[in-house]
Every structure is written in C-alpha cells, then in structure tokens.
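Structure first, then comments.
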Amino acid sequence: MDTRFNLFENEVGSRFAKRFAGAGLVVQQSSLPKSTQELVSLRASQINGCGHCIDMHTKEAAAAGESAVRLHLVAAWRESTVFTEAERAALALAEEGTRLADAQQGVSDETWAQVRKHYDDDQIAALVSLVALINAANRLAVITHQRGGSYQPGMFAAAFD
C-alpha cells in the first residue's frame with residue numbers, strides 16, 4: 001500500500017495541519033498527564049487501525065519513559081493490572097468515544113462518572129479534546145495511507161517548529 005496523498009505538500013493540507021497541530025499543543029500543554037495522553041492516543045489508534053499513529057504514540061511514549069510492558073498491554077488494558085484507576089477511566093473514555101457508532105449511548109454514565117472522579121475540569125476538557133483530535137488524526141492518516149514504521153520521536157513536533 002503506497003501513500004495516496006501527502007497533506008504537508010499541499011497548501012490547504014499544510015495550513016490545516018498547522019492549525020490541527022496548534023489544537024494538539026493546547027492538549028499537550030494541559031495538566032492531563034503526558035503518559036495518559038500517549039496511552040489514550042495509542043488505544044484510539046489501535047481501535048482505528050492507524051499504523052502511522054500507533055507507531056508515533058508508541059515511540060513517543062517510550063521516549064518519555066513509558067514501560068514496554070504497559071505499552072504492550074494497552075490493547076488489553078481491561079485484562080491487565082498495570083494501569084491506575086485514573087488511566088483506566090481515560091482508556092474507557094477513549095474506547096467509548098472512538099466507538100460512538102457501536103453504542104447508542106456513546107460514552108456511558110459509568111465511564112463518565114469514573115472520569116469525573118479522577119480528573120479536574122481542565123483535564124477533562126483536555127481528555128475529551130484529545131479523543132476527538134486523535135480520532136481525526138487517525139482518519140487523516142488512514143484515508144491517505146500513511147504507514148507506520150519510520151517515525152522517530154520528536155518528528156511531529158519538529159515539523160511545526
């Protein structure tokens with residue numbers, strides 16, 4: 001599968017990407033823990049089958065000190081013991097927010113209650129925004145056939161310096 005289209009080489013795509021990255025920067029600079037940000041991004045990307053984003057968020061998390069065990073268990077977080085209650089709430093929100101079409105209620109009241117229990121309003125705003133952003137990023141990459149494997153930690157940030 002070859003890359004279909006490079007958004008960064010197109011004027012409209014490049015302008016959009018810069019604004020999209022700016023929105024992501026708001027989340028990155030929030031008080032939502034960086035490890036939670038990467039775990040949520042990784043889980044949504046796994047669900048959406050986005051190799052490019054899985055590659056990026058796995059490598060960024062590892063470069064930031066995330067353990068290989070936790071990264072390997074994100075796909076089966078419910079059946080593992082290595083995530084905190086707060087991380088589990090964030091991962092549940094990521095799954096339910098990603099699989100909106102699979103559930104008539106969207107995010108369950110139970111999941112929302114767990115998110116409210118563990119995060120303050122600024123962190124919730126960042127978490128909800130992150131779920132929306134990573135799902136959009138997954139769609140951009142999957143539609144244009146961006147492939148995983150060649151990402152190096154820091155590449156995305158460097159592209160917008």
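We name chains A, B, ... following the order of the structure tokens; residues begin at 1 in each chain, and ligands are numbered from 1 as shown.
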
key: Contact residues around region 101-112 of chain A with only C-alpha atoms at 7 Å, ignoring same-chain residues under 4 positions, as an NGL selection string   = :A and (89 or 92-93 or 96-97 or 116)

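Within 9 Å of region 6-20 of chain A there are A:Gly24, A:Leu25, A:Leu133, A:Ala137, A:Leu140, A:Thr144, A:Gln146, A:Phe160, counting only C-alpha atoms and ignoring same-chain residues fewer than 4 positions away.
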
Go ahead and write the residues just picked, all heavy atoms, as a PDB file, in the first residue's frame.
```pdb
ATOM      1  N   GLY A  24      -3.600  20.485  19.031  1.00  0.00           N
ATOM      2  CA  GLY A  24      -2.936  19.437  19.793  1.00  0.00           C
ATOM      3  C   GLY A  24      -2.001  19.994  20.849  1.00  0.00           C
ATOM      4  O   GLY A  24      -1.858  19.432  21.937  1.00  0.00           O
ATOM      5  N   LEU A  25      -1.385  21.118  20.556  1.00  0.00           N
ATOM      6  CA  LEU A  25      -0.477  21.755  21.504  1.00  0.00           C
ATOM      7  C   LEU A  25      -1.221  22.198  22.763  1.00  0.00           C
ATOM      8  O   LEU A  25      -0.678  22.112  23.867  1.00  0.00           O
ATOM      9  CB  LEU A  25       0.226  22.934  20.835  1.00  0.00           C
ATOM     10  CG  LEU A  25       1.400  23.544  21.569  1.00  0.00           C
ATOM     11  CD1 LEU A  25       2.489  22.503  21.836  1.00  0.00           C
ATOM     12  CD2 LEU A  25       1.981  24.692  20.748  1.00  0.00           C
ATOM     13  N   LEU A 133      -9.322  14.746  18.759  1.00  0.00           N
ATOM     14  CA  LEU A 133      -8.166  15.002  17.897  1.00  0.00           C
ATOM     15  C   LEU A 133      -7.529  13.716  17.377  1.00  0.00           C
ATOM     16  O   LEU A 133      -7.196  13.629  16.192  1.00  0.00           O
ATOM     17  CB  LEU A 133      -7.116  15.822  18.643  1.00  0.00           C
ATOM     18  CG  LEU A 133      -7.393  17.310  18.779  1.00  0.00           C
ATOM     19  CD1 LEU A 133      -6.428  17.944  19.778  1.00  0.00           C
ATOM     20  CD2 LEU A 133      -7.289  17.999  17.429  1.00  0.00           C
ATOM     21  N   ALA A 137      -7.039  12.573  13.587  1.00  0.00           N
ATOM     22  CA  ALA A 137      -5.709  12.255  13.054  1.00  0.00           C
ATOM     23  C   ALA A 137      -5.676  10.852  12.461  1.00  0.00           C
ATOM     24  O   ALA A 137      -5.089  10.634  11.394  1.00  0.00           O
ATOM     25  CB  ALA A 137      -4.657  12.388  14.154  1.00  0.00           C
ATOM     26  N   LEU A 140      -7.350  10.995   9.054  1.00  0.00           N
ATOM     27  CA  LEU A 140      -6.482  11.621   8.055  1.00  0.00           C
ATOM     28  C   LEU A 140      -5.412  10.639   7.577  1.00  0.00           C
ATOM     29  O   LEU A 140      -5.162  10.510   6.379  1.00  0.00           O
ATOM     30  CB  LEU A 140      -5.821  12.873   8.632  1.00  0.00           C
ATOM     31  CG  LEU A 140      -6.729  14.071   8.881  1.00  0.00           C
ATOM     32  CD1 LEU A 140      -6.011  15.104   9.744  1.00  0.00           C
ATOM     33  CD2 LEU A 140      -7.188  14.684   7.571  1.00  0.00           C
ATOM     34  N   THR A 144      -5.374   8.577   3.772  1.00  0.00           N
ATOM     35  CA  THR A 144      -4.273   8.864   2.845  1.00  0.00           C
ATOM     36  C   THR A 144      -3.184   7.789   2.841  1.00  0.00           C
ATOM     37  O   THR A 144      -2.168   7.940   2.173  1.00  0.00           O
ATOM     38  CB  THR A 144      -3.639  10.233   3.159  1.00  0.00           C
ATOM     39  OG1 THR A 144      -3.120  10.221   4.492  1.00  0.00           O
ATOM     40  CG2 THR A 144      -4.651  11.363   2.990  1.00  0.00           C
ATOM     41  N   GLN A 146      -1.088   6.690   5.291  1.00  0.00           N
ATOM     42  CA  GLN A 146       0.183   6.954   5.970  1.00  0.00           C
ATOM     43  C   GLN A 146       0.552   5.684   6.724  1.00  0.00           C
ATOM     44  O   GLN A 146      -0.237   5.180   7.501  1.00  0.00           O
ATOM     45  CB  GLN A 146       0.041   8.127   6.943  1.00  0.00           C
ATOM     46  CG  GLN A 146      -0.451   9.400   6.297  1.00  0.00           C
ATOM     47  CD  GLN A 146       0.467   9.895   5.199  1.00  0.00           C
ATOM     48  OE1 GLN A 146       1.663  10.018   5.395  1.00  0.00           O
ATOM     49  NE2 GLN A 146      -0.114  10.175   4.048  1.00  0.00           N
ATOM     50  N   PHE A 160       6.678  21.393  13.048  1.00  0.00           N
ATOM     51  CA  PHE A 160       5.908  22.612  13.260  1.00  0.00           C
ATOM     52  C   PHE A 160       6.687  23.668  14.047  1.00  0.00           C
ATOM     53  O   PHE A 160       6.108  24.621  14.538  1.00  0.00           O
ATOM     54  CB  PHE A 160       4.591  22.289  13.930  1.00  0.00           C
ATOM     55  CG  PHE A 160       3.718  21.418  13.074  1.00  0.00           C
ATOM     56  CD1 PHE A 160       3.655  20.057  13.295  1.00  0.00           C
ATOM     57  CD2 PHE A 160       3.017  21.966  12.014  1.00  0.00           C
ATOM     58  CE1 PHE A 160       2.879  19.248  12.465  1.00  0.00           C
ATOM     59  CE2 PHE A 160       2.234  21.168  11.200  1.00  0.00           C
ATOM     60  CZ  PHE A 160       2.176  19.810  11.417  1.00  0.00           C
TER      61      PHE A 160
END
```

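Residue nearest Leu127 (chain A), chosen from A:Cys53, A:Val115, A:Leu71, A:Val82 and counting only C-alpha atoms: A:Val115.
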
task = Determine the nearest neighbour of Ser45 (chain A) from the options A:Gln123, A:Ser150, A:Thr58, A:Ser30, counting only C-alpha atoms.
result =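 Among the listed residues, A:Thr58 lies closest to Ser45 (chain A).
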
ask   = Restricting the calculation to only C-alpha atoms, which member of A:Ala132, A:Met56, A:Leu39, A:Ala62 is positioned closest to Trp77 (chain A)?
value =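 Of A:Ala132, A:Met56, A:Leu39, A:Ala62, the one nearest Trp77 (chain A) is A:Leu39, counting only C-alpha atoms.
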
inquiry  = For a quick check of understanding, using only C-alpha atoms, which of A:Val142, A:Val40, A:Ala125, A:Ala136 has the smallest distance to Ala94 (chain A)?
reply    =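 So, comparing all the options, the nearest one is A:Val40.
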